[in-house]
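S.K.: Below is start.pdb; it holds PDB, C-alpha atoms.
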```pdb
ATOM      1  CA  MET A   1       2.580   9.802   8.207
ATOM      2  CA  TYR A   2       1.536   7.814   5.163
ATOM      3  CA  ALA A   3      -0.823   9.665   2.835
ATOM      4  CA  THR A   4      -2.398   9.008  -0.545
ATOM      5  CA  SER A   5      -3.037  11.858  -2.936
ATOM      6  CA  LEU A   6      -6.646  12.532  -3.872
ATOM      7  CA  GLY A   7      -5.704  14.750  -6.816
ATOM      8  CA  ALA A   8      -4.086  17.923  -8.061
ATOM      9  CA  ASP A   9      -5.788  20.104  -5.424
ATOM     10  CA  GLY A  10      -3.458  18.689  -2.758
ATOM     11  CA  ALA A  11      -6.171  16.753  -0.926
ATOM     12  CA  GLN A  12      -4.979  13.583   0.780
ATOM     13  CA  LEU A  13      -6.364  10.440   2.331
ATOM     14  CA  CYS A  14      -4.522   9.728   5.609
ATOM     15  CA  PRO A  15      -4.663   7.320   8.525
ATOM     16  CA  LEU A  16      -6.332   8.587  11.696
ATOM     17  CA  GLN A  17      -4.928   7.288  14.966
ATOM     18  CA  PRO A  18      -5.939   7.729  18.625
ATOM     19  CA  TRP A  19      -3.003  10.096  19.238
ATOM     20  CA  GLN A  20      -4.754  12.542  16.848
ATOM     21  CA  ALA A  21      -7.818  12.846  19.108
ATOM     22  CA  GLU A  22      -7.451  16.598  19.716
ATOM     23  CA  GLU A  23      -7.243  17.338  15.991
ATOM     24  CA  PHE A  24     -10.161  14.987  15.332
ATOM     25  CA  LEU A  25     -12.281  16.729  17.980
ATOM     26  CA  ALA A  26     -11.437  20.152  16.476
ATOM     27  CA  HIS A  27     -12.579  18.851  13.070
ATOM     28  CA  VAL A  28     -15.855  17.517  14.506
ATOM     29  CA  ASP A  29     -16.401  20.802  16.372
ATOM     30  CA  ARG A  30     -15.970  22.817  13.145
ATOM     31  CA  GLY A  31     -18.636  20.725  11.438
ATOM     32  CA  ARG A  32     -20.752  19.645  14.405
ATOM     33  CA  GLU A  33     -24.113  21.010  13.221
ATOM     34  CA  PHE A  34     -23.550  20.195   9.546
ATOM     35  CA  ILE A  35     -22.273  16.660  10.141
ATOM     36  CA  GLY A  36     -24.984  16.018  12.721
ATOM     37  CA  ARG A  37     -27.857  16.543  10.289
ATOM     38  CA  PHE A  38     -27.659  12.868   9.264
ATOM     39  CA  ASN A  39     -24.712  11.392  11.168
ATOM     40  CA  GLY A  40     -24.543  10.584  14.880
ATOM     41  CA  LEU A  41     -20.794  11.250  15.106
ATOM     42  CA  PRO A  42     -21.195  14.665  16.828
ATOM     43  CA  ASP A  43     -23.308  13.016  19.523
ATOM     44  CA  VAL A  44     -20.542  10.473  20.208
ATOM     45  CA  VAL A  45     -17.444  12.692  19.874
ATOM     46  CA  THR A  46     -17.950  15.459  22.434
ATOM     47  CA  ASP A  47     -14.542  15.875  24.085
ATOM     48  CA  VAL A  48     -10.947  14.676  23.718
ATOM     49  CA  ALA A  49     -11.590  11.472  25.667
ATOM     50  CA  SER A  50     -14.539  10.456  23.484
ATOM     51  CA  ALA A  51     -12.603  11.410  20.329
ATOM     52  CA  ARG A  52      -9.741   9.175  21.466
ATOM     53  CA  GLU A  53     -12.197   6.379  22.297
ATOM     54  CA  PHE A  54     -13.779   6.643  18.823
ATOM     55  CA  LEU A  55     -10.406   6.531  17.068
ATOM     56  CA  THR A  56      -9.239   3.708  19.345
ATOM     57  CA  ALA A  57     -12.312   1.680  18.398
ATOM     58  CA  TYR A  58     -11.430   2.093  14.729
ATOM     59  CA  ALA A  59      -7.790   1.198  15.401
ATOM     60  CA  GLY A  60      -9.123  -1.978  16.999
ATOM     61  CA  LYS A  61     -11.365  -2.664  14.024
ATOM     62  CA  GLU A  62      -8.430  -2.222  11.672
ATOM     63  CA  ALA A  63      -6.226  -4.527  13.773
ATOM     64  CA  ALA A  64      -9.021  -7.132  13.697
ATOM     65  CA  ASP A  65      -9.521  -6.660   9.930
ATOM     66  CA  ALA A  66     -13.099  -5.581  10.663
ATOM     67  CA  GLY A  67     -13.176  -1.927   9.546
ATOM     68  CA  LEU A  68     -11.092   1.227   9.308
ATOM     69  CA  ILE A  69     -11.099   5.013   9.198
ATOM     70  CA  ARG A  70      -9.142   7.365   6.944
ATOM     71  CA  GLY A  71      -9.036  11.120   7.258
ATOM     72  CA  ILE A  72      -9.491  13.517   4.369
ATOM     73  CA  ARG A  73      -7.043  16.418   4.506
ATOM     74  CA  LEU A  74      -7.145  19.583   2.452
ATOM     75  CA  ASP A  75      -4.138  21.894   2.684
ATOM     76  CA  GLY A  76      -2.979  19.828   5.669
ATOM     77  CA  THR A  77      -6.211  20.323   7.640
ATOM     78  CA  LEU A  78      -8.436  17.393   8.586
ATOM     79  CA  VAL A  79     -11.801  18.169   6.926
ATOM     80  CA  GLY A  80     -13.566  14.804   6.792
ATOM     81  CA  ALA A  81     -13.270  11.051   6.773
ATOM     82  CA  VAL A  82     -14.301   7.887   5.034
ATOM     83  CA  ILE A  83     -14.832   4.677   6.931
ATOM     84  CA  LEU A  84     -15.521   1.041   6.568
ATOM     85  CA  ARG A  85     -17.996   0.908   9.443
ATOM     86  CA  ARG A  86     -17.928  -2.816   9.291
ATOM     87  CA  MET A  87     -15.977  -5.288   7.195
ATOM     88  CA  ASP A  88     -16.479  -9.029   7.262
ATOM     89  CA  VAL A  89     -13.672 -10.632   5.285
ATOM     90  CA  THR A  90     -15.146 -14.130   5.714
ATOM     91  CA  GLN A  91     -18.456 -13.064   4.161
ATOM     92  CA  ALA A  92     -16.619 -10.590   1.867
ATOM     93  CA  THR A  93     -18.953  -7.705   2.745
ATOM     94  CA  ALA A  94     -18.374  -4.184   3.982
ATOM     95  CA  GLU A  95     -20.290  -1.008   4.713
ATOM     96  CA  ALA A  96     -18.682   2.299   3.743
ATOM     97  CA  GLY A  97     -19.546   5.726   5.138
ATOM     98  CA  CYS A  98     -18.325   9.302   5.197
ATOM     99  CA  TRP A  99     -18.648  12.861   6.487
ATOM    100  CA  LEU A 100     -17.224  16.296   5.735
ATOM    101  CA  GLU A 101     -17.183  19.622   7.487
ATOM    102  CA  PRO A 102     -18.925  22.440   5.566
ATOM    103  CA  ALA A 103     -15.749  24.167   4.314
ATOM    104  CA  ALA A 104     -14.817  21.071   2.299
ATOM    105  CA  VAL A 105     -18.164  20.412   0.599
ATOM    106  CA  GLY A 106     -18.530  20.589  -3.175
ATOM    107  CA  ARG A 107     -14.978  19.598  -4.139
ATOM    108  CA  GLY A 108     -15.548  15.900  -4.829
ATOM    109  CA  LEU A 109     -13.430  14.888  -1.834
ATOM    110  CA  VAL A 110     -15.768  12.203  -0.517
ATOM    111  CA  THR A 111     -16.235  10.646  -3.947
ATOM    112  CA  ARG A 112     -12.485  10.497  -4.541
ATOM    113  CA  ALA A 113     -11.733   9.205  -1.043
ATOM    114  CA  ALA A 114     -14.540   6.631  -1.054
ATOM    115  CA  ARG A 115     -13.449   5.436  -4.499
ATOM    116  CA  LEU A 116      -9.954   4.699  -3.136
ATOM    117  CA  LEU A 117     -11.335   3.027  -0.008
ATOM    118  CA  ILE A 118     -13.748   0.815  -1.939
ATOM    119  CA  ASP A 119     -11.111  -0.051  -4.519
ATOM    120  CA  TRP A 120      -8.754  -1.124  -1.727
ATOM    121  CA  ALA A 121     -11.482  -3.203  -0.056
ATOM    122  CA  ILE A 122     -12.346  -4.997  -3.292
ATOM    123  CA  ARG A 123      -8.891  -5.424  -4.811
ATOM    124  CA  GLU A 124      -6.742  -5.892  -1.716
ATOM    125  CA  ARG A 125      -9.098  -7.445   0.858
ATOM    126  CA  GLY A 126     -11.287  -9.464  -1.513
ATOM    127  CA  ILE A 127     -14.532  -7.785  -0.526
ATOM    128  CA  HIS A 128     -17.357  -8.887  -2.833
ATOM    129  CA  ARG A 129     -20.072  -6.429  -1.787
ATOM    130  CA  VAL A 130     -19.751  -2.880  -0.452
ATOM    131  CA  GLU A 131     -22.865  -1.208   0.943
ATOM    132  CA  TRP A 132     -23.648   2.477   1.483
ATOM    133  CA  TRP A 133     -26.455   3.071   4.011
ATOM    134  CA  VAL A 134     -27.836   6.606   3.853
ATOM    135  CA  SER A 135     -30.750   8.628   5.156
ATOM    136  CA  ALA A 136     -33.216   9.150   2.307
ATOM    137  CA  GLY A 137     -33.017  12.884   3.018
ATOM    138  CA  ASN A 138     -29.241  13.062   2.564
ATOM    139  CA  ALA A 139     -29.102  14.039  -1.122
ATOM    140  CA  PRO A 140     -25.329  14.726  -1.213
ATOM    141  CA  SER A 141     -24.500  11.256   0.133
ATOM    142  CA  ILE A 142     -26.931   9.647  -2.297
ATOM    143  CA  ALA A 143     -25.202  11.555  -5.112
ATOM    144  CA  VAL A 144     -21.872  10.070  -3.994
ATOM    145  CA  ALA A 145     -23.350   6.550  -4.137
ATOM    146  CA  ARG A 146     -24.508   7.245  -7.690
ATOM    147  CA  ARG A 147     -21.112   8.650  -8.730
ATOM    148  CA  LEU A 148     -19.475   5.522  -7.312
ATOM    149  CA  GLY A 149     -21.622   3.378  -9.598
ATOM    150  CA  MET A 150     -23.664   1.887  -6.789
ATOM    151  CA  SER A 151     -27.171   0.525  -7.248
ATOM    152  CA  LYS A 152     -30.063   1.453  -4.988
ATOM    153  CA  GLU A 153     -31.405  -1.780  -3.556
ATOM    154  CA  ALA A 154     -33.882  -0.868  -0.875
ATOM    155  CA  VAL A 155     -35.615   1.768   1.168
ATOM    156  CA  LEU A 156     -36.135   0.810   4.789
ATOM    157  CA  ARG A 157     -39.112   2.950   5.738
ATOM    158  CA  GLU A 158     -38.828   4.802   9.051
ATOM    159  CA  SER A 159     -36.161   2.335  10.151
ATOM    160  CA  TYR A 160     -33.725   4.749  11.763
ATOM    161  CA  LEU A 161     -34.632   6.702  14.897
ATOM    162  CA  TYR A 162     -32.338   9.716  15.054
ATOM    163  CA  ARG A 163     -32.734  12.630  17.419
ATOM    164  CA  GLY A 164     -36.367  11.739  18.076
ATOM    165  CA  GLU A 165     -37.404  11.457  14.435
ATOM    166  CA  ARG A 166     -37.820   8.348  12.279
ATOM    167  CA  HIS A 167     -35.919   8.425   8.982
ATOM    168  CA  ASP A 168     -36.137   6.264   5.893
ATOM    169  CA  GLU A 169     -32.807   4.635   5.049
ATOM    170  CA  GLU A 170     -31.643   3.740   1.570
ATOM    171  CA  ILE A 171     -29.255   0.892   0.928
ATOM    172  CA  TRP A 172     -26.956   1.252  -2.054
ATOM    173  CA  SER A 173     -24.288  -1.270  -3.046
ATOM    174  CA  VAL A 174     -21.662  -2.231  -5.563
ATOM    175  CA  LEU A 175     -20.426  -5.732  -6.257
ATOM    176  CA  ALA A 176     -16.796  -6.518  -6.990
ATOM    177  CA  SER A 177     -17.632  -7.739 -10.502
ATOM    178  CA  ASP A 178     -19.341  -4.417 -11.321
ATOM    179  CA  TRP A 179     -16.500  -2.432  -9.768
ATOM    180  CA  VAL A 180     -13.727  -4.229 -11.608
ATOM    181  CA  GLU A 181     -15.578  -4.047 -14.921
ATOM    182  CA  GLY A 182     -16.802  -0.470 -14.577
ATOM    183  CA  THR A 183     -16.096   1.964 -11.759
ATOM    184  CA  ARG A 184     -12.376   1.787 -11.002
ATOM    185  CA  ALA A 185     -10.319   3.859  -8.605
ATOM    186  CA  ASP A 186      -8.626   5.607 -11.499
ATOM    187  CA  GLY A 187     -12.036   6.635 -12.902
ATOM    188  CA  VAL A 188     -11.757   4.355 -15.949
TER     189      VAL A 188
END
```
In C-alpha cells, write the structure found in this file.

M.R.:
Amino acid sequence: MYATSLGADGAQLCPLQPWQAEEFLAHVDRGREFIGRFNGLPDVVTDVASAREFLTAYAGKEAADAGLIRGIRLDGTLVGAVILRRMDVTQATAEAGCWLEPAAVGRGLVTRAARLLIDWAIRERGIHRVEWWVSAGNAPSIAVARRLGMSKEAVLRESYLYRGERHDEEIWSVLASDWVEGTRADGV
C-alpha cells in the first residue's frame, strides 16, 4: 500500500479501496454516533455491502478524475478520512471534506491530511478553488477551515435538512493564488 506520512506521530494518509470495505465499516461503526452528528456517512454505510458501494463510488470518481478518498491511519488503524467530494478539473474547482472517529480527535490529523489533499489538488491537478462546506454548528470543522487559511464566504441559512432538522451551512474556500503564496502543505 502507498502511504504518505502525516508527521512524527506515525499518522499516515492512505488510499482506501473497495476491498477494504470491512475495515472501513469497522471504522464507521467505532465512530457512528460521533461522525453522524454532522455527517450523513453513518446513514449510508450500514453494512459491508454499503461500505463497499461507498468506496467503489469513490474509486469511480478517482478513475474519472472527479473526486477521491484517502484514509487517515494512526498506529496502522483507520481512524478517519479526507475526501474531495467533487472535483471538476475543467472548471478547476473542488469540494473537500473530512471525518474522524472520537479516539483520533484533537491531534491535528484532519488539518494535516486536508492540507496534503488540498496541496495535491492545487499543485498537481490545477484546481483553482477548493471549498469546504460545513454545518454552522460544527465548530471543529470550522476550526480546520481557519487553520487551512480558508475564507468564510457565505452562510446558507437553514439550507441543509439533516435528520429532520434544518441546519445553516457555511461555505469556506481557498484560492490557488492564496494557497501558493501563503498556506502551503509544508506549513510555510

S.K.: Could you tell me which residues the PyMOL selection byres ((chain A and resi 94-98) around 10) grabs in this file, written as a count of residues only?

M.R.: 45

S.K.: Could you give me the centre and size, in Å to one decimal, of an axis-aligned box around all listed atoms of stretch 86-92 of chain A with 4 Å added on every side, as lines of an AutoDock Vina configuration file?

M.R.:
```
center_x = -16.1
center_y = -8.5
center_z = 5.6
size_x = 12.8
size_y = 19.3
size_z = 15.4
```

S.K.: Considering only C-alpha atoms, can you say which of A:Ser135, A:Ser151, A:Thr4, A:Thr90 comes closest to A:Glu165?

M.R.: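 That would be A:Ser135, the residue with the smallest distance to A:Glu165.
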
S.K.: As an exercise, work out the distance from atom CA of A:Arg30 to atom CA of A:Arg163 in Å and give it to one decimal place.

M.R.: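 Distance reported for this atom pair: 20.1 Å.
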
S.K.: Find the distance between atom CA of A:Asn138 and atom CA of A:Ala103 and write it in Å to one decimal.

M.R.: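 Atom CA of A:Ala103 lies 17.6 Å from atom CA of A:Asn138.
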
S.K.: Please, what distance in Å, to one decimal, runs between atom CA of A:Leu74 and atom CA of A:Leu109?

M.R.: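 Rounded to one decimal, the two atoms are 8.9 Å apart.
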
S.K.: Using all atoms listed in the file, which of A:Gly60, A:Leu78, A:Leu25, A:Pro15 sits nearest A:Val44?

M.R.: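 Among the listed residues, A:Leu25 lies closest to A:Val44.
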
S.K.: Using all atoms listed in the file, which residue out of A:Arg125, A:His27, A:His167, A:Arg157 lies closest to A:Ala51?

M.R.: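 Looking at the shortest contact to A:Ala51, the residue is A:His27.
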
S.K.: Which one is closest to A:Ala8: A:Trp179, A:Asp75, A:Gly40, A:Arg147? Count all atoms listed in the file.

M.R.: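 When distances to A:Ala8 are compared using all atoms listed in the file, the smallest one comes from A:Asp75.
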
S.K.: Can you tell me, as a list in words, what residues are no more than 9 Å from A:Val48 when counting all atoms listed in the file, ignoring any on the same chain fewer than 6 positions away?

M.R.: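 Residues near the query, excluding close chain neighbours: Ala21, Glu22, Glu23, Phe24 and Leu25 of chain A.
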
S.K.: Tell me which of A:Phe38, A:Tyr58, A:Tyr2, A:Tyr160 sits closest to A:Pro140, counting all atoms listed in the file.

M.R.: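 Ranked by minimum distance to A:Pro140, first place goes to A:Phe38.
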